[in-house]
>>> print(open('run.cif').read())   # mmCIF, C-alpha atoms
data_entry
#
loop_
_atom_site.label_atom_id
_atom_site.label_comp_id
_atom_site.auth_asym_id
_atom_site.auth_seq_id
_atom_site.Cartn_x
_atom_site.Cartn_y
_atom_site.Cartn_z
CA MET C 2 -8.90 10.35 -12.99
CA GLY C 3 -9.05 10.02 -9.21
CA GLY C 4 -7.11 11.52 -6.34
CA ASP C 5 -6.84 15.17 -5.39
CA HIS C 6 -4.98 16.15 -8.57
CA GLY C 7 -5.99 13.63 -11.27
CA PRO C 8 -4.11 13.70 -14.61
CA SER C 9 -1.99 16.72 -13.62
CA VAL C 10 -0.03 14.34 -11.36
CA ILE C 11 -0.65 10.95 -12.99
CA VAL C 12 0.58 11.97 -16.46
CA PRO C 13 3.95 13.47 -15.44
CA ALA C 14 4.52 10.55 -13.06
CA ALA C 15 3.86 8.15 -15.93
CA LEU C 16 6.28 9.98 -18.22
CA ALA C 17 8.96 10.06 -15.53
CA MET C 18 8.63 6.33 -14.85
CA LEU C 19 8.74 5.43 -18.54
CA GLN C 20 12.04 7.28 -18.79
CA GLU C 21 13.37 5.60 -15.65
CA GLN C 22 12.18 2.05 -16.42
CA PRO C 23 12.88 0.94 -20.02
CA ARG C 24 10.85 -2.28 -19.65
CA LEU C 25 7.74 -0.53 -18.35
CA ARG C 26 4.59 -0.09 -20.42
CA LEU C 27 1.65 1.99 -19.18
CA ILE C 28 -2.01 2.35 -20.05
CA LEU C 29 -3.59 5.61 -18.90
CA VAL C 30 -7.29 4.99 -18.27
CA GLY C 31 -9.78 7.85 -18.17
CA ASP C 32 -11.29 10.63 -20.24
CA GLN C 33 -9.27 10.34 -23.43
CA ASP C 34 -9.57 14.01 -24.39
CA VAL C 35 -8.43 15.18 -20.95
CA LEU C 36 -5.55 12.70 -20.88
CA ALA C 37 -4.43 13.57 -24.42
CA ALA C 38 -4.46 17.28 -23.62
CA GLU C 39 -2.41 16.79 -20.44
CA LEU C 40 -0.01 14.51 -22.28
CA ALA C 41 0.51 17.10 -25.01
CA ARG C 42 1.01 19.84 -22.41
CA ARG C 43 3.78 17.75 -20.85
CA GLY C 44 5.44 17.07 -24.18
CA GLY C 45 4.54 13.39 -24.15
CA THR C 46 3.20 11.19 -26.93
CA THR C 47 1.44 7.86 -27.14
CA GLY C 48 3.17 4.87 -28.64
CA GLU C 49 4.08 1.25 -27.98
CA ARG C 50 4.95 1.91 -24.32
CA LEU C 51 2.24 4.46 -23.50
CA THR C 52 -1.38 4.12 -24.60
CA LEU C 53 -4.67 5.77 -23.66
CA HIS C 54 -7.81 3.81 -22.86
CA HIS C 55 -11.05 5.77 -22.74
CA ALA C 56 -13.46 5.51 -19.80
CA SER C 57 -16.60 7.65 -19.82
CA GLN C 58 -17.18 7.78 -16.05
CA GLN C 59 -15.30 8.77 -12.91
CA VAL C 60 -15.67 7.71 -9.27
CA ALA C 61 -15.82 10.69 -6.93
CA MET C 62 -13.55 10.64 -3.87
CA ASP C 63 -16.58 10.78 -1.55
CA GLU C 64 -18.75 8.35 -3.51
CA LEU C 65 -20.17 5.32 -1.71
CA PRO C 66 -18.41 2.09 -2.76
CA SER C 67 -21.77 0.39 -3.36
CA GLN C 68 -22.84 3.19 -5.69
CA ALA C 69 -19.56 3.08 -7.61
CA LEU C 70 -19.80 -0.69 -7.95
CA ARG C 71 -23.39 -0.63 -9.16
CA TYR C 72 -23.61 2.46 -11.35
CA LYS C 73 -20.06 3.25 -12.51
CA LYS C 74 -19.30 0.25 -14.73
CA ASP C 75 -17.40 2.42 -17.22
CA SER C 76 -15.45 4.38 -14.63
CA SER C 77 -11.69 4.71 -15.09
CA MET C 78 -11.28 2.63 -11.93
CA ARG C 79 -13.52 -0.21 -13.11
CA VAL C 80 -12.04 -0.23 -16.62
CA ALA C 81 -8.47 -0.33 -15.29
CA ILE C 82 -9.25 -3.30 -13.03
CA ASN C 83 -11.03 -5.04 -15.91
CA LEU C 84 -7.80 -4.73 -17.93
CA VAL C 85 -6.01 -6.64 -15.16
CA LYS C 86 -8.76 -9.28 -15.10
CA GLU C 87 -8.48 -9.70 -18.87
CA GLY C 88 -4.71 -10.03 -18.72
CA ARG C 89 -4.16 -6.89 -20.77
CA ALA C 90 -2.46 -5.23 -17.80
CA SER C 91 -0.32 -6.78 -15.07
CA ALA C 92 -1.39 -4.36 -12.34
CA CYS C 93 -3.67 -1.43 -11.59
CA VAL C 94 -2.42 1.70 -9.81
CA SER C 95 -4.95 4.27 -8.60
CA ALA C 96 -5.08 7.35 -6.38
CA GLY C 97 -8.86 7.24 -6.28
CA ASN C 98 -11.53 6.44 -3.69
CA THR C 99 -10.09 3.67 -1.47
CA GLY C 100 -13.40 2.04 -0.54
CA ALA C 101 -14.61 2.00 -4.13
CA LEU C 102 -11.29 0.67 -5.40
CA MET C 103 -11.36 -2.21 -2.90
CA ALA C 104 -15.01 -3.03 -3.60
CA ILE C 105 -14.51 -3.06 -7.38
CA ALA C 106 -11.21 -4.95 -7.17
CA ARG C 107 -12.71 -7.62 -4.95
CA PHE C 108 -15.78 -7.97 -7.18
CA VAL C 109 -13.86 -8.13 -10.46
CA LEU C 110 -10.67 -9.97 -9.50
CA LYS C 111 -11.99 -12.11 -6.62
CA THR C 112 -9.89 -13.24 -3.69
CA LEU C 113 -7.28 -15.97 -3.84
CA PRO C 114 -8.41 -19.46 -2.75
CA GLY C 115 -8.22 -19.65 1.03
CA VAL C 116 -8.36 -15.87 1.50
CA GLU C 117 -11.55 -14.75 3.18
CA ARG C 118 -10.75 -11.04 3.16
CA PRO C 119 -8.15 -9.00 1.27
CA ALA C 120 -6.11 -6.53 3.30
CA ILE C 121 -4.21 -3.30 2.75
CA ILE C 122 -0.46 -3.44 3.34
CA THR C 123 2.14 -0.71 3.05
CA THR C 124 5.79 -0.04 3.83
CA LEU C 125 6.77 2.16 6.78
CA PRO C 126 10.21 3.57 7.68
CA THR C 127 11.96 2.29 10.80
CA ILE C 128 15.21 2.89 12.65
CA GLN C 129 16.57 -0.30 11.06
CA GLY C 130 15.23 0.36 7.55
CA HIS C 131 11.57 -0.38 6.95
CA THR C 132 8.73 -2.71 7.89
CA HIS C 133 5.45 -3.81 6.31
CA MET C 134 2.16 -3.33 8.14
CA LEU C 135 -1.33 -4.73 7.54
CA ASP C 136 -4.29 -4.38 7.66
CA LEU C 137 -4.60 -0.62 7.32
CA GLY C 138 -8.34 -0.19 6.95
CA ALA C 139 -9.91 -2.79 4.67
CA ASN C 140 -11.27 -4.83 7.60
CA VAL C 141 -12.34 -3.02 10.75
CA ASP C 142 -13.35 -6.18 12.61
CA SER C 143 -11.15 -9.22 12.02
CA CYS C 144 -11.29 -12.65 13.62
CA ALA C 145 -8.26 -14.77 14.53
CA GLU C 146 -8.37 -16.64 11.21
CA HIS C 147 -8.29 -13.36 9.30
CA LEU C 148 -5.28 -12.18 11.31
CA PHE C 149 -3.56 -15.48 10.56
CA GLN C 150 -4.21 -15.02 6.84
CA PHE C 151 -2.95 -11.41 7.00
CA ALA C 152 0.25 -12.70 8.59
CA VAL C 153 0.75 -15.29 5.86
CA MET C 154 0.10 -12.76 3.07
CA GLY C 155 2.32 -10.14 4.66
CA SER C 156 5.13 -12.64 5.17
CA VAL C 157 5.00 -13.82 1.55
CA LEU C 158 4.95 -10.28 0.13
CA THR C 159 7.80 -9.16 2.37
CA SER C 160 9.84 -12.24 1.50
CA ALA C 161 9.34 -11.50 -2.21
CA VAL C 162 9.93 -7.76 -2.36
CA ASP C 163 12.69 -7.59 0.28
CA ASN C 164 14.39 -10.89 -0.63
CA LEU C 165 14.07 -12.21 2.93
CA GLU C 166 13.89 -15.96 3.36
CA HIS C 167 12.05 -15.90 6.69
CA PRO C 168 10.59 -12.44 7.50
CA ARG C 169 9.96 -11.81 11.20
CA VAL C 170 6.23 -11.47 11.85
CA GLY C 171 4.72 -9.82 14.93
CA LEU C 172 1.12 -9.35 16.11
CA LEU C 173 0.35 -5.82 17.28
CA ASN C 174 -0.90 -5.94 20.86
CA ILE C 175 -1.10 -3.88 24.05
CA GLY C 176 1.81 -5.79 25.55
CA GLU C 177 4.38 -8.45 24.75
CA GLU C 178 3.23 -10.86 27.47
CA GLU C 179 1.12 -13.86 26.41
CA ILE C 180 -1.65 -12.92 28.84
CA LYS C 181 -2.15 -9.50 27.20
CA GLY C 182 -4.69 -8.69 24.49
CA ASN C 183 -8.14 -9.85 23.45
CA GLU C 184 -9.11 -13.41 22.60
CA ARG C 185 -8.86 -12.85 18.84
CA VAL C 186 -5.21 -11.80 19.09
CA LYS C 187 -4.38 -14.67 21.45
CA GLU C 188 -6.01 -17.21 19.13
CA ALA C 189 -4.22 -15.73 16.11
CA ALA C 190 -0.94 -16.08 18.01
CA ARG C 191 -1.69 -19.77 18.64
CA LEU C 192 -2.40 -20.36 14.94
CA LEU C 193 0.84 -18.65 13.95
CA MET C 194 2.92 -20.58 16.47
CA GLU C 195 1.61 -23.81 14.95
CA SER C 196 2.57 -22.72 11.42
CA ASP C 197 5.97 -22.45 9.72
CA ILE C 198 5.68 -18.66 9.59
CA ASN C 199 8.58 -16.95 11.41
CA TYR C 200 6.31 -15.61 14.13
CA VAL C 201 8.25 -13.79 16.86
CA GLY C 202 5.36 -12.91 19.17
CA PHE C 203 3.43 -9.84 20.23
CA VAL C 204 4.77 -6.38 19.48
CA GLU C 205 3.66 -3.03 20.86
CA GLY C 206 3.03 0.24 19.06
CA ASP C 207 6.56 1.56 19.57
CA ASP C 208 7.98 -1.56 17.93
CA ILE C 209 6.51 -0.51 14.57
CA TYR C 210 9.22 2.09 14.03
CA ARG C 211 12.01 0.35 15.94
CA GLY C 212 12.31 -2.24 13.19
CA THR C 213 12.15 -5.25 15.52
CA VAL C 214 9.99 -7.15 12.99
CA ASP C 215 9.60 -7.19 9.22
CA VAL C 216 5.80 -7.55 9.26
CA VAL C 217 3.35 -6.01 11.73
CA VAL C 218 -0.10 -7.63 11.74
CA CYS C 219 -3.30 -6.10 13.11
CA ASP C 220 -6.92 -5.58 12.14
CA GLY C 221 -7.87 -2.65 9.92
CA PHE C 222 -9.34 -0.51 12.69
CA VAL C 223 -6.20 -0.63 14.82
CA GLY C 224 -3.88 -0.36 11.83
CA ASN C 225 -5.59 2.67 10.35
CA VAL C 226 -5.64 4.51 13.68
CA ALA C 227 -1.95 3.69 14.27
CA LEU C 228 -0.99 4.87 10.77
CA LYS C 229 -2.96 8.13 10.93
CA THR C 230 -1.65 8.85 14.44
CA SER C 231 1.92 8.36 13.20
CA GLU C 232 1.33 10.72 10.29
CA GLY C 233 -0.10 13.31 12.68
CA VAL C 234 2.87 13.04 15.04
CA ALA C 235 5.28 13.44 12.12
CA ARG C 236 3.51 16.62 10.98
CA MET C 237 3.52 17.96 14.54
CA ILE C 238 7.27 17.37 14.96
CA THR C 239 7.93 19.04 11.61
CA ALA C 240 5.84 22.06 12.64
CA PHE C 241 7.60 22.28 16.02
CA MET C 242 11.03 22.20 14.38
CA LYS C 243 10.07 25.00 11.97
CA GLN C 244 8.74 27.09 14.86
CA GLU C 245 11.91 26.63 16.92
CA PHE C 246 14.31 27.32 14.04
CA THR C 247 12.50 30.57 13.19
CA ARG C 248 11.98 31.81 16.74
CA HIS C 249 14.81 34.44 16.66
CA PRO C 250 18.00 35.28 14.70
CA MET C 251 20.24 32.80 16.52
CA THR C 252 17.91 29.86 15.94
CA ARG C 253 17.55 30.87 12.29
CA LEU C 254 21.34 30.76 11.99
CA ALA C 255 21.34 27.35 13.66
CA GLY C 256 18.72 26.27 11.17
CA LEU C 257 20.91 27.31 8.26
CA LEU C 258 23.85 25.36 9.68
CA ALA C 259 21.65 22.31 10.27
CA ARG C 260 20.00 22.44 6.82
CA PRO C 261 21.96 19.48 5.33
CA VAL C 262 21.03 17.29 8.30
CA LEU C 263 17.41 18.43 8.21
CA ARG C 264 17.21 17.78 4.47
CA ALA C 265 18.62 14.28 4.95
CA LEU C 266 16.15 13.62 7.77
CA ARG C 267 13.27 14.85 5.64
CA ASP C 268 14.25 12.56 2.78
CA ARG C 269 14.64 9.59 5.10
CA ILE C 270 11.13 9.85 6.58
CA ASP C 271 9.40 11.42 3.56
CA PRO C 272 6.07 9.54 3.26
CA ARG C 273 6.11 10.12 -0.49
CA ARG C 274 8.97 7.64 -0.76
CA TYR C 275 6.81 4.95 0.85
CA ASN C 276 3.66 5.59 -1.18
CA GLY C 277 1.84 2.64 -2.69
CA ALA C 278 -0.29 0.35 -0.52
CA SER C 279 -1.08 -3.09 -1.90
CA PHE C 280 -4.54 -4.68 -1.86
CA ILE C 281 -3.18 -8.05 -0.88
CA GLY C 282 -5.09 -11.33 -1.21
CA LEU C 283 -6.67 -10.66 -4.61
CA GLN C 284 -6.22 -12.64 -7.83
CA GLY C 285 -4.43 -9.67 -9.32
CA ILE C 286 -2.27 -6.73 -8.29
CA VAL C 287 -3.91 -3.46 -7.25
CA ILE C 288 -1.86 -0.64 -5.74
CA LYS C 289 -3.49 2.27 -3.92
CA SER C 290 -1.69 5.59 -3.98
CA HIS C 291 -2.41 8.39 -1.53
CA GLY C 292 -5.13 10.64 -2.91
CA SER C 293 -2.91 13.67 -2.27
CA ALA C 294 0.06 12.12 -4.07
CA ASP C 295 2.38 14.34 -6.07
CA THR C 296 4.48 13.17 -9.01
CA LEU C 297 7.19 11.65 -6.79
CA SER C 298 4.59 9.81 -4.69
CA PHE C 299 2.69 8.37 -7.63
CA SER C 300 5.92 7.29 -9.28
CA GLN C 301 6.70 5.28 -6.17
CA ALA C 302 3.28 3.59 -6.36
CA ILE C 303 4.02 2.54 -9.95
CA ARG C 304 7.41 1.25 -8.80
CA GLU C 305 5.71 -0.84 -6.10
CA ALA C 306 3.39 -2.35 -8.71
CA MET C 307 6.37 -3.27 -10.90
CA VAL C 308 8.10 -5.10 -8.04
CA GLU C 309 4.98 -7.12 -7.20
CA VAL C 310 4.51 -8.04 -10.85
CA GLU C 311 8.13 -9.13 -11.21
CA LYS C 312 7.93 -11.20 -8.02
CA ASP C 313 4.50 -12.67 -8.93
CA VAL C 314 3.21 -11.90 -5.43
CA PRO C 315 -0.41 -13.17 -5.83
CA GLN C 316 0.76 -16.58 -7.05
CA ARG C 317 3.25 -16.85 -4.18
CA ILE C 318 0.60 -15.97 -1.62
CA GLY C 319 -1.84 -18.48 -3.09
CA SER C 320 0.73 -21.29 -3.00
CA GLN C 321 1.88 -20.54 0.55
CA LEU C 322 -1.62 -20.23 1.94
CA GLU C 323 -2.75 -23.42 0.21
CA SER C 324 0.22 -25.28 1.71
CA LEU C 325 -0.42 -23.97 5.24
CA LEU C 326 -4.14 -24.73 5.11
CA LEU C 327 -3.37 -28.24 3.87
CA GLU C 328 -0.94 -28.80 6.74
CA ARG C 329 -3.57 -27.67 9.24
CA ALA C 330 -6.20 -29.94 7.68
CA VAL C 331 -3.87 -32.97 7.78
CA GLY C 332 -2.72 -32.15 11.29
#
>>> encode(input="run.cif", output="structure tokens")
Amino acid sequence: MGGDHGPSVIVPAALAMLQEQPRLRLILVGDQDVLAAELARRGGTTGERLTLHHASQQVAMDELPSQALRYKKDSSMRVAINLVKEGRASACVSAGNTGALMAIARFVLKTLPGVERPAIITTLPTIQGHTHMLDLGANVDSCAEHLFQFAVMGSVLTSAVDNLEHPRVGLLNIGEEEIKGNERVKEAARLLMESDINYVGFVEGDDIYRGTVDVVVCDGFVGNVALKTSEGVARMITAFMKQEFTRHPMTRLAGLLARPVLRALRDRIDPRRYNGASFIGLQGIVIKSHGSADTLSFSQAIREAMVEVEKDVPQRIGSQLESLLLERAVG
């Protein structure tokens, strides 16, 4: 029921994914009358692979997480996460209030043993393909130990979903030199160098999109600013290109000739194709979709959830983190 568009996007995305993925089963959680009406309008029906689960409350996009956690115990968000806790669903996908979703998920599912704070990780396009970046806003003030745990979790997820044996992990910093950065980043680097994580060192902001590493690690404040800045730059470049191609008849003609290239470029960097951020470090899979997601975007978030379920990402993270912490304790 959350996001900017609610069932008008979620329902068609669900129907599209059910057609695309024969093994997929979905539970739509929310106001049953609203969901049934939207389903009927789209020509869909309930059955073995698609069921409705009623929830009497909704979490507003601007609602305080503490309020949602305390007073919205029958919200679609809370009910969906409860289904994961009970084992009736393998993952929860939501376009709703990010803060409320994280608060409820952490309260209901709990963190994995050894994980002090869950993080938000997503996939970003690069010149070489793509990279994974965390944390993107769950933790605005992280210590060295938290950064170390983010690196471990990001490495395990990337190894699982991208089939990489030893993903390259970099710490986001203001320079590549060892003397650069604050003490938290320097200490996190020391912890990573002493582990069996494939840590390649510090990376700078421009490395994110160069594809020099498979995992970029930072605290949530830095990560969120970097992500939002990147999105703003992308929109600015798109606006500039439209302005230049429509400036006069000759540039409009050039625009027509360049349309196939521009369309390919748009598809390659289209943020909708990278939608679906994972709340990593929980004892369950929760995927956060952009609130403004359209059908294509939300479909991608469901696809991300399927991959993490198939790869059993939480169990892998728990095992890897337990092993690393044991090594440190023995050492």
>>> closest_residue(input="run.cif", among="C:Ala104, C:Ile28, C:Ala92, C:Leu326", to="Glu146 in chain C", atoms="all atoms listed in the file")
C:Leu326
>>> resolve_selection(input="run.cif", expression="the PyMOL selection byres ((chain C and resi 171-176) around 10)", output="short mmCIF file (atom, residue, chain, number, x, y, z; two decimals) with C-alpha atoms, keeping the file's coordinate frame")
data_model
loop_
_atom_site.label_atom_id
_atom_site.label_comp_id
_atom_site.auth_asym_id
_atom_site.auth_seq_id
_atom_site.Cartn_x
_atom_site.Cartn_y
_atom_site.Cartn_z
CA MET C 134 2.16 -3.33 8.14
CA LEU C 135 -1.33 -4.73 7.54
CA LEU C 148 -5.28 -12.18 11.31
CA PHE C 149 -3.56 -15.48 10.56
CA ALA C 152 0.25 -12.70 8.59
CA PRO C 168 10.59 -12.44 7.50
CA ARG C 169 9.96 -11.81 11.20
CA VAL C 170 6.23 -11.47 11.85
CA GLU C 177 4.38 -8.45 24.75
CA GLU C 178 3.23 -10.86 27.47
CA GLU C 179 1.12 -13.86 26.41
CA ILE C 180 -1.65 -12.92 28.84
CA LYS C 181 -2.15 -9.50 27.20
CA GLY C 182 -4.69 -8.69 24.49
CA ASN C 183 -8.14 -9.85 23.45
CA VAL C 186 -5.21 -11.80 19.09
CA LYS C 187 -4.38 -14.67 21.45
CA ALA C 189 -4.22 -15.73 16.11
CA ALA C 190 -0.94 -16.08 18.01
CA LEU C 193 0.84 -18.65 13.95
CA ASN C 199 8.58 -16.95 11.41
CA TYR C 200 6.31 -15.61 14.13
CA VAL C 201 8.25 -13.79 16.86
CA GLY C 202 5.36 -12.91 19.17
CA PHE C 203 3.43 -9.84 20.23
CA VAL C 204 4.77 -6.38 19.48
CA GLU C 205 3.66 -3.03 20.86
CA GLY C 206 3.03 0.24 19.06
CA ASP C 207 6.56 1.56 19.57
CA ASP C 208 7.98 -1.56 17.93
CA ILE C 209 6.51 -0.51 14.57
CA THR C 213 12.15 -5.25 15.52
CA VAL C 214 9.99 -7.15 12.99
CA ASP C 215 9.60 -7.19 9.22
CA VAL C 216 5.80 -7.55 9.26
CA VAL C 217 3.35 -6.01 11.73
CA VAL C 218 -0.10 -7.63 11.74
CA CYS C 219 -3.30 -6.10 13.11
CA ASP C 220 -6.92 -5.58 12.14
CA VAL C 223 -6.20 -0.63 14.82
CA GLY C 224 -3.88 -0.36 11.83
#
>>> residues_around(input="run.cif", residues="Phe299 in chain C", least_positions_apart="2", cutoff="8 Å", atoms="all atoms listed in the file", output="list of chain:residue names")
C:Val10, C:Ile11, C:Ala14, C:Ala96, C:Asn276, C:Gly277, C:Ser290, C:His291, C:Ala294, C:Asp295, C:Thr296, C:Leu297, C:Gln301, C:Ala302, C:Ile303
>>> atom_distance(input="run.cif", atom1="CA of Ser156 in chain C", atom2="CA of Leu25 in chain C")
26.6 Å
>>> atom_distance(input="run.cif", atom1="CA of Leu137 in chain C", atom2="CA of Phe222 in chain C")
7.2 Å
>>> residues_around(input="run.cif", residues="Ile281 in chain C", least_positions_apart="2", cutoff="7 Å", atoms="only C-alpha atoms", output="PyMOL selection string")
chain C and resi 119-122+154+279+283
>>> closest_residue(input="run.cif", among="C:Ala41, C:Leu84, C:Val153, C:Val314", to="His54 in chain C", atoms="all atoms listed in the file")
C:Leu84
>>> closest_residue(input="run.cif", among="C:Glu323, C:Glu166, C:Glu309, C:Glu328", to="Leu113 in chain C", atoms="all atoms listed in the file")
C:Glu323
>>> resolve_selection(input="run.cif", expression="the PyMOL selection byres ((chain C and resi 316) around 12)", output="list of chain:residue names")
C:Thr112, C:Leu113, C:Pro114, C:Met154, C:Val157, C:Leu158, C:Ala161, C:Ile281, C:Gly282, C:Leu283, C:Gln284, C:Gly285, C:Ile286, C:Glu309, C:Val310, C:Glu311, C:Lys312, C:Asp313, C:Val314, C:Pro315, C:Arg317, C:Ile318, C:Gly319, C:Ser320, C:Gln321, C:Leu322, C:Glu323
>>> closest_residue(input="run.cif", among="C:Arg304, C:Leu165, C:Val262, C:Tyr72", to="Arg24 in chain C", atoms="only C-alpha atoms")
C:Arg304
>>> closest_residue(input="run.cif", among="C:Ser293, C:Gln244, C:Ser231, C:Gln22", to="Gly4 in chain C", atoms="only C-alpha atoms")
C:Ser293
>>> residues_around(input="run.cif", residues="Asn83 in chain C", least_positions_apart="4", cutoff="7 Å", atoms="all atoms listed in the file", output="list in words")
Arg79, Glu87 and Val109 of chain C
>>> atom_distance(input="run.cif", atom1="CA of Ala278 in chain C", atom2="CA of Val30 in chain C")
19.6 Å
>>> residues_near_point(input="run.cif", point="(-1.7, 2.8, -22.5)", cutoff="9 Å", atoms="all atoms listed in the file", output="PyMOL selection string")
chain C and resi 26-30+47-54
>>> resolve_selection(input="run.cif", expression="the PyMOL selection byres ((chain C and resi 98) around 9)", output="list in words")
Gly3, Gly4, Val60, Ala61, Met62, Asp63, Glu64, Leu65, Pro66, Ser95, Ala96, Gly97, Thr99, Gly100, Ala101, Leu102, Met103 and Gly292 of chain C
>>> closest_residue(input="run.cif", among="C:Ile238, C:Ala15, C:Cys144, C:Leu125", to="Thr46 in chain C", atoms="all atoms listed in the file")
C:Ala15
>>> residues_around(input="run.cif", residues="Gln58 in chain C", least_positions_apart="4", cutoff="10 Å", atoms="all atoms listed in the file", output="list in words")
Met2, Gly31, Asp32, Ala69, Tyr72, Lys73, Lys74, Asp75, Ser76, Ser77, Met78, Arg79 and Val80 of chain C
